[in-house]
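Chemist: Pasting entry13.tsv below, which is TSV, C-alpha atoms.
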chain	number	residue	atom	x	y	z
A	1	MET	CA	70.82	-52.53	35.86
A	2	LYS	CA	69.75	-56.02	36.72
A	3	ALA	CA	66.40	-57.77	37.02
A	4	LEU	CA	65.09	-61.17	37.90
A	5	LEU	CA	62.18	-63.02	36.31
A	6	ILE	CA	60.41	-65.92	38.01
A	7	CYS	CA	58.76	-68.38	35.62
A	8	PRO	CA	55.54	-69.79	37.03
A	9	ASP	CA	55.56	-73.46	37.93
A	10	GLU	CA	52.48	-75.61	37.38
A	11	ARG	CA	49.19	-73.86	38.04
A	12	ALA	CA	46.11	-75.89	38.87
A	13	GLY	CA	43.89	-73.42	37.02
A	14	VAL	CA	45.66	-73.79	33.66
A	15	THR	CA	47.29	-77.23	33.65
A	16	ALA	CA	46.32	-78.01	30.06
A	17	LEU	CA	48.19	-74.94	28.77
A	18	ALA	CA	51.45	-76.19	30.26
A	19	GLU	CA	51.26	-79.56	28.50
A	20	TYR	CA	53.09	-78.35	25.42
A	21	ALA	CA	55.49	-75.87	27.00
A	22	PRO	CA	56.21	-74.17	30.31
A	23	LEU	CA	53.65	-71.42	30.94
A	24	ALA	CA	56.29	-68.71	30.58
A	25	ILE	CA	56.88	-69.59	26.93
A	26	VAL	CA	53.34	-70.42	25.79
A	27	PRO	CA	52.66	-67.98	22.93
A	28	ILE	CA	50.20	-65.15	23.49
A	29	LEU	CA	49.59	-63.34	20.19
A	30	GLY	CA	52.78	-64.78	18.79
A	31	LYS	CA	55.13	-64.02	21.67
A	32	SER	CA	55.73	-65.66	24.99
A	33	LEU	CA	55.07	-64.04	28.34
A	34	LEU	CA	58.82	-64.22	28.86
A	35	ALA	CA	59.49	-62.31	25.63
A	36	TYR	CA	57.01	-59.57	26.57
A	37	TRP	CA	58.73	-59.10	29.93
A	38	LEU	CA	62.24	-59.18	28.48
A	39	GLU	CA	61.26	-56.41	26.05
A	40	HIS	CA	59.64	-54.44	28.85
A	41	LEU	CA	62.61	-54.72	31.22
A	42	VAL	CA	65.07	-53.83	28.48
A	43	ALA	CA	63.00	-50.70	27.76
A	44	LEU	CA	63.31	-49.86	31.47
A	45	GLY	CA	67.08	-50.09	31.23
A	46	ALA	CA	67.91	-53.65	32.27
A	47	LYS	CA	71.24	-54.95	30.93
A	48	GLU	CA	71.36	-58.25	32.77
A	49	ILE	CA	68.37	-60.48	33.46
A	50	GLN	CA	68.34	-63.66	35.47
A	51	ILE	CA	65.50	-66.11	34.91
A	52	LEU	CA	64.45	-68.66	37.52
A	53	ALA	CA	62.64	-71.70	36.11
A	54	VAL	CA	61.24	-74.79	37.80
A	55	ASP	CA	59.24	-76.28	34.93
A	56	ARG	CA	61.42	-77.51	32.04
A	57	PRO	CA	64.25	-74.95	32.36
A	58	HIS	CA	65.89	-76.35	29.21
A	59	HIS	CA	62.86	-75.21	27.18
A	60	VAL	CA	63.14	-71.76	28.71
A	61	ARG	CA	66.88	-71.69	27.93
A	62	ALA	CA	66.19	-72.67	24.32
A	63	GLU	CA	63.59	-69.90	24.04
A	64	VAL	CA	65.79	-67.02	25.24
A	65	GLY	CA	69.31	-68.16	24.38
A	66	ASN	CA	71.83	-65.71	25.80
A	67	GLY	CA	69.50	-62.75	25.37
A	68	ALA	CA	71.34	-61.25	22.38
A	69	ARG	CA	68.02	-60.99	20.56
A	70	TRP	CA	66.95	-58.36	23.08
A	71	GLY	CA	70.42	-56.79	23.50
A	72	VAL	CA	70.69	-57.98	27.07
A	73	ARG	CA	72.62	-60.64	28.97
A	74	VAL	CA	70.28	-63.44	30.04
A	75	SER	CA	70.95	-66.46	32.21
A	76	VAL	CA	68.48	-69.22	33.12
A	77	GLN	CA	68.79	-70.92	36.45
A	78	SER	CA	66.77	-73.97	37.44
A	79	GLU	CA	65.09	-73.98	40.83
A	80	LYS	CA	63.58	-76.86	42.79
A	81	ARG	CA	60.44	-74.88	43.61
A	82	GLU	CA	58.90	-71.58	42.58
A	83	LEU	CA	60.18	-68.77	44.77
A	84	THR	CA	58.07	-65.81	45.81
A	85	PRO	CA	59.47	-62.41	44.77
A	86	GLU	CA	60.53	-61.83	48.41
A	87	GLU	CA	62.35	-65.17	48.59
A	88	ALA	CA	64.00	-64.48	45.24
A	89	ARG	CA	65.19	-61.06	46.44
A	90	SER	CA	66.74	-62.43	49.60
A	91	LYS	CA	68.35	-65.36	47.76
A	92	HIS	CA	69.66	-63.65	44.64
A	93	GLN	CA	70.12	-59.94	45.34
A	94	THR	CA	73.56	-59.39	46.84
A	95	LYS	CA	75.51	-56.23	47.55
A	96	HIS	CA	78.33	-56.92	45.11
A	97	GLN	CA	76.16	-57.03	42.01
A	98	PRO	CA	75.30	-54.26	39.59
A	99	PRO	CA	72.36	-52.10	40.69
A	100	TRP	CA	68.90	-53.57	40.35
A	101	LEU	CA	65.93	-52.00	38.63
A	102	PRO	CA	63.69	-50.24	41.13
A	103	ALA	CA	60.93	-52.36	42.67
A	104	PRO	CA	58.62	-53.84	41.57
A	105	HIS	CA	60.55	-54.38	38.33
A	106	ASP	CA	63.64	-55.78	40.04
A	107	VAL	CA	61.87	-59.12	40.59
A	108	VAL	CA	58.84	-60.07	38.52
A	109	LEU	CA	56.69	-63.17	38.74
A	110	LEU	CA	55.60	-64.01	35.18
A	111	ASP	CA	51.92	-64.43	35.81
A	112	HIS	CA	50.70	-61.26	34.13
A	113	LEU	CA	51.51	-59.12	31.11
A	114	PRO	CA	53.52	-55.92	31.43
A	115	GLY	CA	51.52	-52.73	31.22
A	116	LEU	CA	48.19	-54.48	31.70
A	117	PRO	CA	46.13	-54.90	34.84
A	118	THR	CA	47.92	-57.16	37.26
A	119	ALA	CA	45.19	-59.80	37.39
A	120	SER	CA	46.91	-63.16	37.17
A	121	LEU	CA	46.81	-64.81	33.75
A	122	THR	CA	47.54	-68.17	35.26
A	123	SER	CA	44.74	-68.48	37.81
A	124	SER	CA	42.16	-69.82	35.35
A	125	TYR	CA	41.59	-70.41	31.66
A	126	ALA	CA	39.06	-67.55	31.68
A	127	ASP	CA	41.75	-65.20	33.03
A	128	TRP	CA	44.24	-66.40	30.42
A	129	PHE	CA	41.71	-65.71	27.68
A	130	ALA	CA	40.74	-62.32	29.15
A	131	GLY	CA	44.43	-61.34	29.31
A	132	THR	CA	44.94	-62.36	25.69
A	133	LEU	CA	42.00	-60.23	24.59
A	134	ALA	CA	43.19	-57.28	26.69
A	135	LEU	CA	46.57	-57.44	24.95
A	136	MET	CA	45.13	-57.48	21.43
A	137	PRO	CA	44.68	-53.71	20.95
A	138	HIS	CA	48.27	-53.09	22.15
A	139	ALA	CA	50.00	-55.90	20.29
A	140	CYS	CA	50.48	-54.22	16.91
A	141	THR	CA	53.89	-52.85	17.92
A	142	PRO	CA	56.48	-51.61	15.38
A	143	ASP	CA	58.82	-54.51	16.13
A	144	ARG	CA	56.30	-56.99	14.74
A	145	ILE	CA	57.36	-57.18	11.15
A	146	GLY	CA	54.53	-57.59	8.69
A	147	VAL	CA	51.62	-57.39	11.13
A	148	ARG	CA	48.91	-55.19	9.69
A	149	GLU	CA	45.36	-54.18	10.45
A	150	LEU	CA	43.22	-55.31	7.51
A	151	SER	CA	40.17	-53.51	8.90
A	152	PRO	CA	39.54	-51.98	12.32
A	153	GLY	CA	40.26	-54.68	14.89
A	154	VAL	CA	41.30	-57.34	12.37
A	155	ARG	CA	45.06	-57.87	12.69
A	156	VAL	CA	46.96	-60.36	10.57
A	157	GLY	CA	50.57	-61.47	10.52
A	158	LEU	CA	53.00	-62.31	7.75
A	159	ARG	CA	52.13	-64.85	5.06
A	160	VAL	CA	48.60	-65.49	6.27
A	161	GLN	CA	46.36	-67.20	3.73
A	162	VAL	CA	42.69	-66.38	3.94
A	163	ALA	CA	40.19	-67.76	1.42
A	164	ALA	CA	38.09	-65.13	-0.33
A	165	SER	CA	34.87	-66.49	1.14
A	166	ALA	CA	36.22	-66.69	4.70
A	167	LYS	CA	34.96	-64.05	7.10
A	168	LEU	CA	37.08	-62.22	9.67
A	169	ILE	CA	35.06	-60.44	12.35
A	170	ALA	CA	36.74	-57.90	14.65
A	171	PRO	CA	38.32	-58.12	17.04
A	172	CYS	CA	40.54	-60.96	15.92
A	173	TRP	CA	44.21	-61.76	15.60
A	174	ILE	CA	45.57	-64.04	12.88
A	175	GLY	CA	49.13	-65.16	13.58
A	176	GLU	CA	51.75	-65.51	10.87
A	177	HIS	CA	51.52	-68.42	8.43
A	178	ALA	CA	47.96	-69.18	9.56
A	179	LEU	CA	45.68	-70.67	6.96
A	180	ILE	CA	41.93	-70.12	6.79
A	181	GLU	CA	39.89	-72.06	4.27
A	182	ALA	CA	36.75	-71.14	2.39
A	183	GLY	CA	33.62	-70.39	4.35
A	184	ALA	CA	35.38	-70.27	7.70
A	185	VAL	CA	34.29	-67.57	10.14
A	186	ILE	CA	36.89	-66.20	12.55
A	187	GLY	CA	35.76	-63.89	15.33
A	188	PRO	CA	34.66	-61.97	17.13
A	189	ASN	CA	37.22	-62.25	19.94
A	190	ALA	CA	39.24	-64.92	18.19
A	191	VAL	CA	42.97	-65.52	18.17
A	192	LEU	CA	44.78	-67.86	15.80
A	193	GLU	CA	48.39	-68.37	16.83
A	194	ARG	CA	51.06	-68.94	14.20
A	195	GLU	CA	50.47	-71.70	11.65
A	196	ALA	CA	47.00	-72.46	12.94
A	197	PHE	CA	44.87	-74.11	10.28
A	198	VAL	CA	41.13	-73.52	10.18
A	199	ALA	CA	39.48	-75.81	7.66
A	200	ARG	CA	36.51	-75.15	5.41
A	201	GLY	CA	33.33	-73.90	7.06
A	202	ALA	CA	34.66	-73.93	10.63
A	203	HIS	CA	33.58	-71.23	13.08
A	204	VAL	CA	35.92	-69.84	15.72
A	205	SER	CA	34.67	-67.23	18.19
A	206	SER	CA	35.68	-66.08	21.67
A	207	SER	CA	38.52	-68.59	21.46
A	208	VAL	CA	42.24	-69.07	21.08
A	209	ILE	CA	43.56	-71.60	18.56
A	210	GLY	CA	47.07	-72.59	19.48
A	211	ALA	CA	50.13	-72.64	17.26
A	212	ARG	CA	50.13	-75.43	14.65
A	213	THR	CA	46.66	-76.58	15.58
A	214	PHE	CA	44.22	-77.94	13.02
A	215	VAL	CA	40.54	-77.08	13.38
A	216	GLY	CA	38.45	-79.47	11.30
A	217	GLU	CA	35.89	-78.79	8.61
A	218	PHE	CA	32.55	-77.39	9.79
A	219	THR	CA	33.49	-77.56	13.43
A	220	GLU	CA	32.61	-74.85	15.92
A	221	VAL	CA	35.09	-73.65	18.52
A	222	ARG	CA	33.44	-71.25	20.92
A	223	ASN	CA	34.49	-69.99	24.38
A	224	SER	CA	37.50	-72.28	24.18
A	225	ILE	CA	41.24	-72.59	24.08
A	226	ALA	CA	42.24	-75.26	21.56
A	227	TRP	CA	45.85	-76.38	21.63
A	228	GLY	CA	46.81	-79.48	19.67
A	229	HIS	CA	44.19	-82.07	20.49
A	230	THR	CA	43.37	-80.42	23.82
A	231	LEU	CA	40.16	-78.43	23.94
A	232	VAL	CA	39.44	-76.34	27.02
A	233	ASN	CA	36.16	-74.53	27.49
A	234	TRP	CA	37.27	-71.49	29.49
A	235	GLU	CA	33.71	-70.55	30.38
A	236	ARG	CA	32.83	-73.93	31.94
A	237	ASP	CA	36.41	-74.77	32.93
A	238	SER	CA	36.17	-78.21	31.30
A	239	CYS	CA	38.86	-79.98	29.33
A	240	LEU	CA	38.60	-82.56	26.54
A	241	LYS	CA	41.26	-84.57	24.70
A	242	VAL	CA	39.89	-84.88	21.19
A	243	THR	CA	40.77	-88.29	19.78
A	244	ASP	CA	39.58	-87.64	16.22
A	245	ALA	CA	42.14	-85.74	14.19
A	246	PHE	CA	39.53	-84.60	11.69
A	247	LEU	CA	37.89	-82.54	14.43
A	248	LEU	CA	40.93	-81.09	16.15
A	249	CYS	CA	44.58	-82.06	16.25
A	250	SER	CA	48.14	-80.87	16.44
A	251	LEU	CA	50.16	-80.34	13.27
A	252	GLU	CA	53.42	-80.74	15.17
A	253	THR	CA	55.74	-83.40	13.82
A	254	PRO	CA	57.76	-85.66	16.11
A	255	ARG	CA	61.13	-84.23	17.07
A	256	GLY	CA	63.91	-84.93	14.61
A	257	ARG	CA	61.67	-84.95	11.56
A	258	PRO	CA	61.59	-81.93	9.29
A	259	ALA	CA	58.32	-80.03	9.59
A	260	PRO	CA	56.35	-80.32	6.34
A	261	ALA	CA	54.61	-77.37	4.82
A	262	ILE	CA	51.30	-76.86	6.60
A	263	LYS	CA	49.22	-77.53	3.49
A	264	SER	CA	50.83	-80.91	2.90
A	265	GLU	CA	49.37	-82.10	6.21
A	266	LEU	CA	45.83	-81.57	5.02
A	267	PRO	CA	45.34	-84.72	2.93
A	268	ARG	CA	46.55	-86.89	5.82
A	269	VAL	CA	43.98	-85.37	8.13
A	270	ARG	CA	41.19	-85.40	5.57
A	271	GLU	CA	41.70	-89.07	4.79
A	272	GLN	CA	40.23	-89.78	8.19
A	273	VAL	CA	37.22	-87.51	7.91
A	274	GLY	CA	34.72	-89.16	5.61
A	275	PRO	CA	34.97	-92.79	6.62
A	276	LEU	CA	34.78	-92.13	10.35
A	277	LEU	CA	31.61	-90.12	10.28
A	278	THR	CA	29.70	-91.90	7.60
A	279	SER	CA	30.72	-95.53	7.36
A	280	GLY	CA	29.60	-98.58	9.18
A	281	PHE	CA	26.00	-97.79	9.92
A	282	GLY	CA	23.85	-100.24	8.05
A	283	GLU	CA	20.18	-99.63	7.67
A	284	SER	CA	18.06	-101.58	10.10
A	285	GLU	CA	14.75	-103.11	9.14
A	286	PRO	CA	11.88	-100.65	9.32
A	287	PRO	CA	9.16	-101.47	11.82
A	288	ARG	CA	6.47	-103.77	10.54
B	1	MET	CA	26.80	-103.30	25.34
B	2	ILE	CA	24.60	-102.63	28.35
B	3	MET	CA	21.91	-100.02	27.89
B	4	ASP	CA	18.21	-99.76	28.52
B	5	ILE	CA	15.71	-98.88	25.81
B	6	ASN	CA	12.18	-98.04	26.87
B	7	HIS	CA	9.21	-96.87	24.87
B	8	GLN	CA	6.61	-94.76	26.65
B	9	ASN	CA	4.10	-92.17	25.45
B	10	GLY	CA	5.72	-91.87	22.05
B	11	ILE	CA	9.17	-91.26	23.55
B	12	LEU	CA	11.98	-93.76	23.11
B	13	SER	CA	14.30	-93.44	26.10
B	14	VAL	CA	17.82	-94.78	25.94
B	15	THR	CA	19.75	-94.86	29.21
B	16	GLY	CA	22.84	-96.44	30.75
B	17	ILE	CA	25.27	-95.71	27.91
B	18	ARG	CA	28.82	-95.85	29.27
B	19	GLU	CA	30.61	-95.14	26.02
B	20	LEU	CA	29.70	-94.06	22.53
B	21	SER	CA	32.79	-94.69	20.47
B	22	ALA	CA	34.20	-96.74	17.60
B	23	THR	CA	34.02	-99.85	19.77
B	24	ASN	CA	30.23	-99.81	20.18
B	25	ALA	CA	28.80	-97.14	17.86
B	26	HIS	CA	27.51	-99.68	15.35
B	27	ARG	CA	25.80	-101.80	18.00
B	28	PHE	CA	24.28	-98.70	19.56
B	29	HIS	CA	22.86	-97.59	16.23
B	30	SER	CA	21.47	-101.04	15.42
B	31	ALA	CA	19.88	-101.47	18.84
B	32	VAL	CA	18.15	-98.11	18.83
B	33	ALA	CA	17.21	-98.15	15.15
B	34	THR	CA	15.45	-101.50	15.51
B	35	ALA	CA	13.40	-100.06	18.40
B	36	LEU	CA	12.03	-97.20	16.29
B	37	LEU	CA	8.25	-97.53	16.11
B	38	SER	CA	5.95	-95.77	13.72
B	39	ASP	CA	4.16	-93.75	16.44
B	40	LEU	CA	7.41	-92.40	17.85
B	41	GLN	CA	7.58	-88.65	18.50
B	42	ALA	CA	11.06	-88.29	19.92
B	43	ILE	CA	14.16	-90.15	21.06
B	44	GLU	CA	15.66	-89.18	24.40
B	45	ILE	CA	19.23	-90.35	24.96
B	46	ASP	CA	20.48	-90.00	28.52
B	47	LEU	CA	24.24	-89.39	28.52
B	48	ALA	CA	24.56	-89.05	32.29
B	49	HIS	CA	26.79	-92.13	32.53
B	50	THR	CA	28.59	-91.61	29.24
B	51	GLN	CA	32.26	-90.93	29.78
B	52	VAL	CA	33.57	-91.18	26.23
B	53	VAL	CA	32.13	-89.99	22.93
B	54	ASP	CA	34.26	-89.91	19.80
B	55	GLY	CA	33.73	-89.22	16.09
B	56	ALA	CA	32.25	-92.67	15.50
B	57	GLY	CA	29.80	-92.13	18.36
B	58	LEU	CA	28.78	-88.77	16.94
B	59	GLY	CA	28.39	-90.47	13.56
B	60	ALA	CA	26.05	-93.02	15.14
B	61	LEU	CA	23.87	-90.23	16.53
B	62	VAL	CA	23.73	-88.47	13.15
B	63	SER	CA	22.96	-91.73	11.40
B	64	LEU	CA	20.18	-92.42	13.90
B	65	TYR	CA	18.75	-88.98	13.21
B	66	GLU	CA	18.81	-89.68	9.47
B	67	THR	CA	17.25	-93.12	9.91
B	68	ALA	CA	14.44	-91.71	12.07
B	69	ASN	CA	13.72	-88.93	9.59
B	70	ARG	CA	13.82	-91.25	6.60
B	71	GLN	CA	11.33	-93.62	8.18
B	72	ARG	CA	8.93	-90.75	8.79
B	73	ASN	CA	9.54	-88.93	5.53
B	74	LYS	CA	10.13	-85.69	7.34
B	75	ILE	CA	13.01	-83.58	8.57
B	76	GLY	CA	13.48	-82.41	12.12
B	77	PHE	CA	12.57	-85.51	14.12
B	78	ALA	CA	13.52	-84.65	17.71
B	79	ILE	CA	16.47	-86.38	19.27
B	80	ARG	CA	17.20	-85.13	22.78
B	81	LEU	CA	20.59	-85.63	24.41
B	82	THR	CA	20.23	-85.20	28.14
B	83	ASN	CA	22.73	-84.81	30.99
B	84	PRO	CA	25.99	-84.85	29.03
B	85	SER	CA	29.12	-84.35	31.11
B	86	PRO	CA	31.07	-81.15	30.40
B	87	SER	CA	33.59	-82.97	28.18
B	88	VAL	CA	30.88	-84.83	26.25
B	89	LEU	CA	29.07	-81.54	25.77
B	90	GLN	CA	32.33	-80.08	24.42
B	91	ILE	CA	32.67	-82.67	21.66
B	92	ILE	CA	28.97	-82.34	20.77
B	93	GLU	CA	29.46	-78.59	20.40
B	94	LEU	CA	32.77	-78.95	18.54
B	95	ALA	CA	31.01	-81.11	15.94
B	96	ARG	CA	28.12	-78.60	15.93
B	97	LEU	CA	25.58	-81.27	16.78
B	98	HIS	CA	23.97	-78.98	19.35
B	99	HIS	CA	22.38	-77.26	16.35
B	100	LEU	CA	20.88	-80.56	15.23
B	101	PHE	CA	19.83	-82.08	18.55
B	102	GLU	CA	18.21	-80.70	21.66
B	103	VAL	CA	20.92	-80.82	24.29
B	104	THR	CA	20.01	-80.50	27.95
B	105	PRO	CA	23.00	-80.28	30.29
B	106	PRO	CA	22.41	-81.52	33.87
B	107	ASP	CA	20.05	-79.22	35.80
B	108	ARG	CA	19.72	-76.79	32.94
B	109	SER	CA	17.20	-75.80	30.37
B	110	PRO	CA	17.89	-76.98	26.80
B	111	ALA	CA	21.08	-75.51	25.38
B	112	ARG	CA	19.48	-75.38	21.98
B	113	THR	CA	16.01	-76.31	20.92
B	114	HIS	CA	15.44	-77.63	17.46
B	115	PRO	CA	11.73	-78.17	17.20
B	116	PRO	CA	10.66	-80.82	14.72
B	117	SER	CA	9.36	-79.30	11.54
B	118	THR	CA	6.10	-80.53	10.19
Could you spell out this file's structure in structure tokens?
Modeler:
Amino acid sequence: MKALLICPDERAGVTALAEYAPLAIVPILGKSLLAYWLEHLVALGAKEIQILAVDRPHHVRAEVGNGARWGVRVSVQSEKRELTPEEARSKHQTKHQPPWLPAPHDVVLLDHLPGLPTASLTSSYADWFAGTLALMPHACTPDRIGVRELSPGVRVGLRVQVAASAKLIAPCWIGEHALIEAGAVIGPNAVLEREAFVARGAHVSSSVIGARTFVGEFTEVRNSIAWGHTLVNWERDSCLKVTDAFLLCSLETPRGRPAPAIKSELPRVREQVGPLLTSGFGESEPPR
Amino acid sequence: MIMDINHQNGILSVTGIRELSATNAHRFHSAVATALLSDLQAIEIDLAHTQVVDGAGLGALVSLYETANRQRNKIGFAIRLTNPSPSVLQIIELARLHHLFEVTPPDRSPARTHPPST
């Protein structure tokens, strides 16, 4: 059985999310939209899956490889523009191919999660966040090694470090290798993707913190999607590029350099904290 | 740095700020701090034309708050930030300064009121 997946091209409603990776491979609770659909189609009996990508097809190819991870044959084909499912059917479904999965699973546009309401994830940041929250109760699947529910609604991945005085409020999802420092409060409705770093005293609620994103000491991230130095308020649909690394920044290293352990990045970031906020303001003369 | 500072009925109004960043934060602080008078009840900073605020700009606001409180020997002197753009409001909230200042987004009631303590 064969199936075809269409990766979404740029979407005006969620442009900031596509800055770091094509939308199809942006992690949602540790896995990409593409991975969720590959798993779903394989469970439905697909043996061969063709992926159509307009936005950075090489990234998509690197993400899925040849599909061996899912026990399926995968090929990625670049397209000049995003096809509709109907256009993709007429262009790619021919008589001499193996049978296709029954519709609608023969051709799927990757703008929603399998098994969840079909509201588009990619129409707005609020929809992306709502979709992420909707997935949370279903994401503790047996194939996720090491994910456990610490208390009802509090799910944590492998090798997560949480300070004793940090507070996790359900529902929340803490991705693998995430680090939460003392006094931080995570939740409710918070998602930390893998290797997110929440520094001392920070509060994160109704928000997603992207993979390898640093949230500075005593900051407050609310109703937002924070990815690297990009901060999107999904409620107000506003976007900010944070220029001060001590508030919010990416922990990604430039390509070609080995990624240091997440904790070794902390001193570099902290060096910038104190001086920037406190220095340089001399006392003026009091009024006479 | 072009900005207007007016004193009326115990309120110091600061308007016309285009940017509050490392390039002008010190000058902003000096200009406003020197205009603090003893009968002052509040400082109102209009951010309607402010396109950029960074950590240094936030630091200037905090420092101004501390200066105003120190001069009056009390805590909770009111500093009002009015009409911030959505992105400026985001950085104010990220740094949690909306708990310290009264912030009034355009055409809205105050996002957070922090009445001066006596």
Chemist: Report, in Å to a single decimal, how far apart atom CA of Glu79 of chain A and atom CA of Pro57 of chain A are.
Modeler: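 One can read the atom CA of Pro57 of chain A to atom CA of Glu79 of chain A distance as 8.6 Å.
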Chemist: Which residue out of A:Val74, A:Val156, A:Val191, A:Ile225 has the minimum interatomic distance to chain B when all atoms listed in the file are used?
Modeler: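 Once distances to chain B are computed over all atoms listed in the file, the minimum belongs to A:Ile225.
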Chemist: Counting only C-alpha atoms, which residues in chain B sit no more than 12 Å from chain A? For each one, give the nearest pair of atoms and the distance in Å, sorted by chain then residue number, as CSV.
Modeler:
residue,atom,partner,partner_atom,distance
B:Ser21,CA,A:Thr243,CA,10.3
B:Ala22,CA,A:Leu276,CA,8.6
B:Thr23,CA,A:Gly280,CA,11.5
B:Asn24,CA,A:Gly280,CA,11.1
B:Ala25,CA,A:Phe281,CA,8.4
B:His26,CA,A:Phe281,CA,5.9
B:Arg27,CA,A:Phe281,CA,9.0
B:Phe28,CA,A:Phe281,CA,9.8
B:His29,CA,A:Phe281,CA,7.1
B:Ser30,CA,A:Ser284,CA,6.3
B:Ala31,CA,A:Ser284,CA,8.9
B:Val32,CA,A:Ser284,CA,9.4
B:Ala33,CA,A:Ser284,CA,6.2
B:Thr34,CA,A:Ser284,CA,6.0
B:Ala35,CA,A:Pro287,CA,8.0
B:Leu36,CA,A:Pro287,CA,6.8
B:Leu37,CA,A:Pro287,CA,5.9
B:Ser38,CA,A:Pro287,CA,6.8
B:Asp39,CA,A:Pro287,CA,10.3
B:Leu40,CA,A:Pro287,CA,11.0
B:Gln51,CA,A:Leu240,CA,11.0
B:Val52,CA,A:Leu240,CA,10.0
B:Val53,CA,A:Thr243,CA,9.4
B:Asp54,CA,A:Thr243,CA,6.7
B:Gly55,CA,A:Asp244,CA,6.1
B:Ala56,CA,A:Leu276,CA,5.8
B:Gly57,CA,A:Leu277,CA,8.5
B:Leu58,CA,A:Leu277,CA,7.4
B:Gly59,CA,A:Leu277,CA,4.6
B:Ala60,CA,A:Phe281,CA,7.1
B:Leu61,CA,A:Leu277,CA,9.9
B:Val62,CA,A:Leu277,CA,8.5
B:Ser63,CA,A:Phe281,CA,6.9
B:Leu64,CA,A:Phe281,CA,8.9
B:Tyr65,CA,A:Phe281,CA,11.9
B:Glu66,CA,A:Glu283,CA,10.2
B:Thr67,CA,A:Glu283,CA,7.5
B:Ala68,CA,A:Pro286,CA,9.7
B:Asn69,CA,A:Pro286,CA,11.9
B:Arg70,CA,A:Pro286,CA,10.0
B:Gln71,CA,A:Pro286,CA,7.1
B:Arg72,CA,A:Pro286,CA,10.3
B:Ser85,CA,A:Ser238,CA,9.4
B:Pro86,CA,A:Ser238,CA,6.0
B:Ser87,CA,A:Leu240,CA,5.3
B:Val88,CA,A:Leu240,CA,8.1
B:Leu89,CA,A:Ser238,CA,9.6
B:Gln90,CA,A:Leu240,CA,7.1
B:Ile91,CA,A:Val242,CA,7.6
B:Ile92,CA,A:Glu220,CA,9.6
B:Glu93,CA,A:Glu220,CA,6.6
B:Leu94,CA,A:Glu220,CA,4.9
B:Ala95,CA,A:Thr219,CA,5.0
B:Arg96,CA,A:Glu220,CA,5.9
B:Leu97,CA,A:Thr219,CA,9.4
B:His98,CA,A:Glu220,CA,10.2
B:His99,CA,A:Glu220,CA,10.5
B:Pro105,CA,A:Arg236,CA,11.8
Chemist: Looking at only C-alpha atoms, which of A:Leu133, A:Val107, A:Val64, A:Ala126 is the one that sits closest to Ala46 of chain A?
Modeler: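 So, comparing all the options, the nearest one is A:Val107.
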Chemist: Measuring atom to atom with all atoms listed in the file, identify which of A:Leu38, A:Val208, A:Leu44, A:Leu113 is nearest to His138 of chain A.
Modeler: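 The closest residue to His138 of chain A is A:Leu113.
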Chemist: Within 12 Å of Leu52 of chain A, counting only C-alpha atoms, which residues qualify if same-chain residues fewer than 5 places away don't, as a compact mmCIF listing (two decimals) with C-alpha atoms, keeping the file's coordinate frame?
Modeler:
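Saved the output as selection02.txt:
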# COMPACT_ATOMS: atom_id res chain seq x y z
CA ALA A 3 66.40 -57.77 37.02
CA LEU A 4 65.09 -61.17 37.90
CA LEU A 5 62.18 -63.02 36.31
CA ILE A 6 60.41 -65.92 38.01
CA CYS A 7 58.76 -68.38 35.62
CA PRO A 8 55.54 -69.79 37.03
CA ASP A 9 55.56 -73.46 37.93
CA ALA A 24 56.29 -68.71 30.58
CA LEU A 34 58.82 -64.22 28.86
CA PRO A 57 64.25 -74.95 32.36
CA HIS A 58 65.89 -76.35 29.21
CA VAL A 60 63.14 -71.76 28.71
CA ARG A 61 66.88 -71.69 27.93
CA VAL A 74 70.28 -63.44 30.04
CA SER A 75 70.95 -66.46 32.21
CA VAL A 76 68.48 -69.22 33.12
CA GLN A 77 68.79 -70.92 36.45
CA SER A 78 66.77 -73.97 37.44
CA GLU A 79 65.09 -73.98 40.83
CA LYS A 80 63.58 -76.86 42.79
CA ARG A 81 60.44 -74.88 43.61
CA GLU A 82 58.90 -71.58 42.58
CA LEU A 83 60.18 -68.77 44.77
CA THR A 84 58.07 -65.81 45.81
CA PRO A 85 59.47 -62.41 44.77
CA GLU A 87 62.35 -65.17 48.59
CA ALA A 88 64.00 -64.48 45.24
CA ARG A 89 65.19 -61.06 46.44
CA LYS A 91 68.35 -65.36 47.76
CA HIS A 92 69.66 -63.65 44.64
CA VAL A 107 61.87 -59.12 40.59
CA VAL A 108 58.84 -60.07 38.52
CA LEU A 109 56.69 -63.17 38.74
CA LEU A 110 55.60 -64.01 35.18
Chemist: Please compute the atom CA of Thr15 of chain A-atom CA of Ala184 of chain A distance, one decimal, in Å.
Modeler: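 Computed distance, atom CA of Thr15 of chain A to atom CA of Ala184 of chain A, equals 29.4 Å.
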Chemist: Pick out the residues sitting within 8 Å of Leu47 of chain B, and hand them over as a ChimeraX atom specification; count only C-alpha atoms, and ignore anything fewer than 3 positions along from it in its own chain.
Modeler: /B:15-18,50,81-85
Chemist: Do you know which residues are at most 9 Å from segment 194-197 of chain A counting only C-alpha atoms, after dropping those on the same chain fewer than 5 positions away, and could you put them as a PyMOL selection string?
Modeler: chain A and resi 27+29-30+157+160+174-181+209-216+251+262-263
Chemist: Tell me, as a PyMOL selection string, which residues lie within 12 Å of Pro171 of chain A, counting all atoms listed in the file; anything in the same chain fewer than 6 positions away does not count.
Modeler: chain A and resi 132-137+149-156+186-192+205-207
Chemist: How many Å lie between atom CA of Ala130 of chain A and atom CA of Gly67 of chain A, rounded to one decimal?
Modeler: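 Calculated distance between atom CA of Ala130 of chain A and atom CA of Gly67 of chain A is 29.0 Å.
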